[in-house]
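Peer 1: Before we start, here is the structure in question, set down as structure tokens.
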Amino acid sequence: MTLRPYRSSDLREIAELFYTTVHTVNAGDYAPEQLDAWADGSPDLAEWDRTLSEHTALVAAEDGKILGFGDISRTGYLDRLYVHRDFQRRGIASALCAALEEAVEAERIVTHASITARPFFEGRGYRTVRERRVVRHGVAMTNFRMEKLRPCAQNACYAAENAVAPPAETE
């Protein structure tokens with residue numbers, strides 16, 4: 001498996017991977033109408049191409065087949081991270097996520113994780129900020145705002161919290 005930058009020519013295969021993954025991998029945590037609202041089979045491909053091109057977007061591929069993809073904005077918003085249903089639990093999401101996290105200089109990485117993905121992100125050091133109720137195409141579903149402080153940000157926070165005040169000046 002190799003990780004490479006996203007290309008516009010990947011878009012159709014990525015859109016199919018997204019739809020299939022949502023409707024199979026997430027089926028244990030969401031009702032059929034929620035899955036249909038989340039991935040209705042007709043994403044705005046122009047918008048997807050625009051955002052994938054603006055973000056750091058990576059594709060995991062092997063033998064010409066896309067196994068997974070993900071993207072992150074410059075500000076540290078991890079927008080999408082999906083792995084083909086036939087290639088789950090093989091380290092692909094971990095490799096993509098690690099590369100995406102390293103690609104930005106943001107102090108914190110933020111994502112909106114599904115019920116299904118929440119344990120994956122917790123295992124990578126993300127913490128749940130809050131549970132969210134989102135509505136797509138009139139259908140409500142649950143996801144979680146999660147964030148991870150980058151190591152340099154964690155050290156800065158620790159230093160600030162544990163700073164020793166300078167001695168008071170005397171006259």
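By order in the structure tokens, chains are A, B, ...; within a chain, residues start at 1; ligands start at 1, following the order shown.
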As a VMD selection string, please: the residues near range 114-130 of chain A (cut-off 6 Å, only C-alpha atoms, same-chain neighbours under 2 positions excluded).
Peer 2: chain A and resid 26 143 to 148
Peer 1: Quick one: pick out all alpha helix (DSSP H) residues within range 7-139 of chain A from a backbone DSSP run and write them as a ChimeraX atom specification.
Peer 2: /A:11-25,32-38,45-54,92-102,118-123
Peer 1: Next, dump the selected residues to file, keeping only N, CA and C atoms, as a compact mmCIF listing (two decimals), in the first residue's frame.
Peer 2:
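Dumped to part28.txt:
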```
# COMPACT_ATOMS: atom_id res chain seq x y z
N LEU A 11 -11.79 10.90 -8.14
CA LEU A 11 -13.05 11.32 -7.54
C LEU A 11 -14.17 10.29 -7.64
N ARG A 12 -14.41 9.73 -8.79
CA ARG A 12 -15.53 8.77 -8.93
C ARG A 12 -15.31 7.55 -8.05
N GLU A 13 -14.09 7.02 -8.03
CA GLU A 13 -13.81 5.85 -7.20
C GLU A 13 -13.93 6.18 -5.71
N ILE A 14 -13.50 7.36 -5.34
CA ILE A 14 -13.62 7.80 -3.95
C ILE A 14 -15.09 7.94 -3.56
N ALA A 15 -15.89 8.53 -4.43
CA ALA A 15 -17.32 8.70 -4.14
C ALA A 15 -18.00 7.34 -3.97
N GLU A 16 -17.66 6.37 -4.78
CA GLU A 16 -18.22 5.02 -4.64
C GLU A 16 -17.75 4.37 -3.35
N LEU A 17 -16.47 4.53 -3.02
CA LEU A 17 -15.93 3.98 -1.77
C LEU A 17 -16.67 4.58 -0.58
N PHE A 18 -16.87 5.89 -0.60
CA PHE A 18 -17.59 6.59 0.47
C PHE A 18 -18.99 5.99 0.65
N TYR A 19 -19.74 5.90 -0.42
CA TYR A 19 -21.11 5.39 -0.35
C TYR A 19 -21.13 3.96 0.20
N THR A 20 -20.33 3.10 -0.36
CA THR A 20 -20.31 1.69 0.06
C THR A 20 -19.86 1.54 1.51
N THR A 21 -18.85 2.29 1.89
CA THR A 21 -18.36 2.21 3.27
C THR A 21 -19.42 2.65 4.26
N VAL A 22 -20.04 3.78 4.01
CA VAL A 22 -21.09 4.27 4.92
C VAL A 22 -22.20 3.23 5.04
N HIS A 23 -22.63 2.66 3.93
CA HIS A 23 -23.78 1.76 3.93
C HIS A 23 -23.46 0.35 4.43
N THR A 24 -22.20 0.03 4.63
CA THR A 24 -21.85 -1.30 5.17
C THR A 24 -21.18 -1.18 6.53
N VAL A 25 -20.09 -0.46 6.61
CA VAL A 25 -19.32 -0.37 7.86
C VAL A 25 -20.12 0.32 8.95
N PRO A 32 -31.15 2.56 8.47
CA PRO A 32 -31.08 2.71 7.01
C PRO A 32 -31.40 4.12 6.52
N GLU A 33 -32.40 4.78 7.11
CA GLU A 33 -32.72 6.14 6.65
C GLU A 33 -31.60 7.13 7.00
N GLN A 34 -30.88 6.89 8.09
CA GLN A 34 -29.75 7.74 8.44
C GLN A 34 -28.60 7.52 7.45
N LEU A 35 -28.35 6.27 7.09
CA LEU A 35 -27.30 5.97 6.12
C LEU A 35 -27.61 6.62 4.77
N ASP A 36 -28.87 6.56 4.37
CA ASP A 36 -29.28 7.18 3.10
C ASP A 36 -29.12 8.70 3.15
N ALA A 37 -29.40 9.31 4.29
CA ALA A 37 -29.25 10.76 4.43
C ALA A 37 -27.77 11.15 4.43
N TRP A 38 -26.94 10.33 5.03
CA TRP A 38 -25.50 10.59 5.12
C TRP A 38 -24.84 10.43 3.75
N LEU A 45 -20.12 16.23 -6.74
CA LEU A 45 -18.75 15.89 -7.11
C LEU A 45 -17.87 17.12 -7.32
N ALA A 46 -18.43 18.18 -7.86
CA ALA A 46 -17.64 19.40 -8.05
C ALA A 46 -17.20 19.97 -6.71
N GLU A 47 -18.10 19.96 -5.73
CA GLU A 47 -17.77 20.46 -4.39
C GLU A 47 -16.73 19.56 -3.72
N TRP A 48 -16.92 18.24 -3.85
CA TRP A 48 -15.94 17.30 -3.29
C TRP A 48 -14.57 17.55 -3.90
N ASP A 49 -14.50 17.69 -5.20
CA ASP A 49 -13.21 17.90 -5.87
C ASP A 49 -12.59 19.21 -5.39
N ARG A 50 -13.41 20.23 -5.26
CA ARG A 50 -12.91 21.52 -4.78
C ARG A 50 -12.30 21.40 -3.40
N THR A 51 -13.04 20.79 -2.45
CA THR A 51 -12.53 20.73 -1.08
C THR A 51 -11.35 19.76 -0.97
N LEU A 52 -11.41 18.64 -1.67
CA LEU A 52 -10.27 17.71 -1.63
C LEU A 52 -9.03 18.37 -2.22
N SER A 53 -9.20 19.19 -3.23
CA SER A 53 -8.07 19.88 -3.85
C SER A 53 -7.53 21.00 -2.97
N GLU A 54 -8.40 21.67 -2.23
CA GLU A 54 -7.97 22.75 -1.34
C GLU A 54 -7.30 22.21 -0.08
N ILE A 92 -4.84 0.92 7.47
CA ILE A 92 -4.96 1.94 6.42
C ILE A 92 -5.43 3.26 7.01
N ALA A 93 -6.47 3.22 7.83
CA ALA A 93 -6.97 4.46 8.45
C ALA A 93 -5.91 5.07 9.35
N SER A 94 -5.18 4.24 10.07
CA SER A 94 -4.12 4.75 10.95
C SER A 94 -3.02 5.43 10.14
N ALA A 95 -2.63 4.82 9.03
CA ALA A 95 -1.58 5.41 8.19
C ALA A 95 -2.06 6.73 7.58
N LEU A 96 -3.29 6.75 7.07
CA LEU A 96 -3.83 7.98 6.51
C LEU A 96 -3.94 9.07 7.57
N CYS A 97 -4.48 8.73 8.73
CA CYS A 97 -4.68 9.71 9.79
C CYS A 97 -3.35 10.29 10.26
N ALA A 98 -2.36 9.43 10.47
CA ALA A 98 -1.04 9.90 10.92
C ALA A 98 -0.44 10.86 9.90
N ALA A 99 -0.52 10.52 8.63
CA ALA A 99 0.04 11.38 7.59
C ALA A 99 -0.71 12.71 7.51
N LEU A 100 -2.02 12.66 7.64
CA LEU A 100 -2.81 13.90 7.60
C LEU A 100 -2.50 14.78 8.80
N GLU A 101 -2.41 14.18 9.98
CA GLU A 101 -2.09 14.96 11.18
C GLU A 101 -0.73 15.65 11.05
N GLU A 102 0.22 14.96 10.46
CA GLU A 102 1.57 15.51 10.30
C GLU A 102 1.63 16.58 9.21
N ARG A 118 -15.73 6.67 16.40
CA ARG A 118 -15.31 7.25 17.68
C ARG A 118 -14.24 6.41 18.38
N PRO A 119 -14.38 5.08 18.51
CA PRO A 119 -13.32 4.31 19.17
C PRO A 119 -11.97 4.39 18.45
N PHE A 120 -11.99 4.45 17.14
CA PHE A 120 -10.74 4.60 16.38
C PHE A 120 -10.03 5.88 16.79
N PHE A 121 -10.76 6.99 16.81
CA PHE A 121 -10.15 8.27 17.16
C PHE A 121 -9.72 8.32 18.62
N GLU A 122 -10.51 7.73 19.51
CA GLU A 122 -10.09 7.67 20.92
C GLU A 122 -8.77 6.92 21.05
N GLY A 123 -8.61 5.86 20.30
CA GLY A 123 -7.37 5.09 20.31
C GLY A 123 -6.17 5.87 19.80
```
Peer 1: Report as a VMD selection string: the residues of chain A with a DSSP assignment of strand (DSSP E or B), based on the backbone of this structure.
Peer 2: chain A and resid 2 to 5 56 to 62 65 to 72 77 to 83 108 to 114 127 to 136 139 to 149
Peer 1: Quick check, in Å to one decimal: how far apart do CA of Ala57 in chain A and CA of Ala140 in chain A lie?
Peer 2: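 Taking CA of Ala57 in chain A and CA of Ala140 in chain A, their separation equals 28.0 Å.
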Peer 1: In Å, how far is it from CA of His112 in chain A to CA of Leu78 in chain A?
Peer 2: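 Straight-line distance from CA of His112 in chain A to CA of Leu78 in chain A works out to 7.9 Å.
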Peer 1: For each of A:Ser9, A:Gly91, A:Thr111, A:Arg132, take the minimum atom-to-atom distance to Ala60 in chain A, counting only C-alpha atoms, then give the residue where this is smallest.
Peer 2: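 So, comparing all the options, the nearest one is A:Gly91.
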Peer 1: Taking 3 positions as the minimum chain separation for residues in the same chain, which residues sit within 8 Å of Pro5 in chain A when counting only C-alpha atoms? Answer as a list in words.
Peer 2: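 Within the cut-off, the hits are Thr56, Ala57, Leu58 and Val59 of chain A.
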Peer 1: Please indicate the distance in Å from CA of Arg150 in chain A to CA of Asp71 in chain A, rounded to one decimal place.
Peer 2: 17.1 Å
Peer 1: Neighbours of Tyr82 in chain A within 7 Å (only C-alpha atoms; same-chain residues fewer than 6 positions away dropped), as a list in words?
Peer 2: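 Contacts, with the query itself left out: Phe18, Gly68, Phe69 and Gly70 of chain A.
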Peer 1: Deliver the residues from the most recent selection as a file, using N, CA and C atoms, as a PDB file, in the first residue's frame.
Peer 2:
```
ATOM      1  N   PHE A  18     -16.871   5.892  -0.600  1.00  0.00           N
ATOM      2  CA  PHE A  18     -17.587   6.590   0.471  1.00  0.00           C
ATOM      3  C   PHE A  18     -18.985   5.995   0.653  1.00  0.00           C
ATOM      4  N   GLY A  68      -8.536   3.573   0.518  1.00  0.00           N
ATOM      5  CA  GLY A  68      -9.038   4.542   1.482  1.00  0.00           C
ATOM      6  C   GLY A  68      -8.598   5.939   1.092  1.00  0.00           C
ATOM      7  N   PHE A  69      -9.162   6.920   1.764  1.00  0.00           N
ATOM      8  CA  PHE A  69      -8.797   8.314   1.506  1.00  0.00           C
ATOM      9  C   PHE A  69      -9.136   9.152   2.720  1.00  0.00           C
ATOM     10  N   GLY A  70      -8.535  10.317   2.781  1.00  0.00           N
ATOM     11  CA  GLY A  70      -8.833  11.258   3.857  1.00  0.00           C
ATOM     12  C   GLY A  70      -8.356  12.639   3.474  1.00  0.00           C
TER      13      GLY A  70
END
```
Peer 1: Of the candidates A:Val104, A:Ala27, A:Val134, A:Ala61, which one gets nearest to Thr75 in chain A if we count only C-alpha atoms?
Peer 2: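 Checking each of A:Val104, A:Ala27, A:Val134, A:Ala61 against Thr75 in chain A, counting only C-alpha atoms, the winner is A:Val104.
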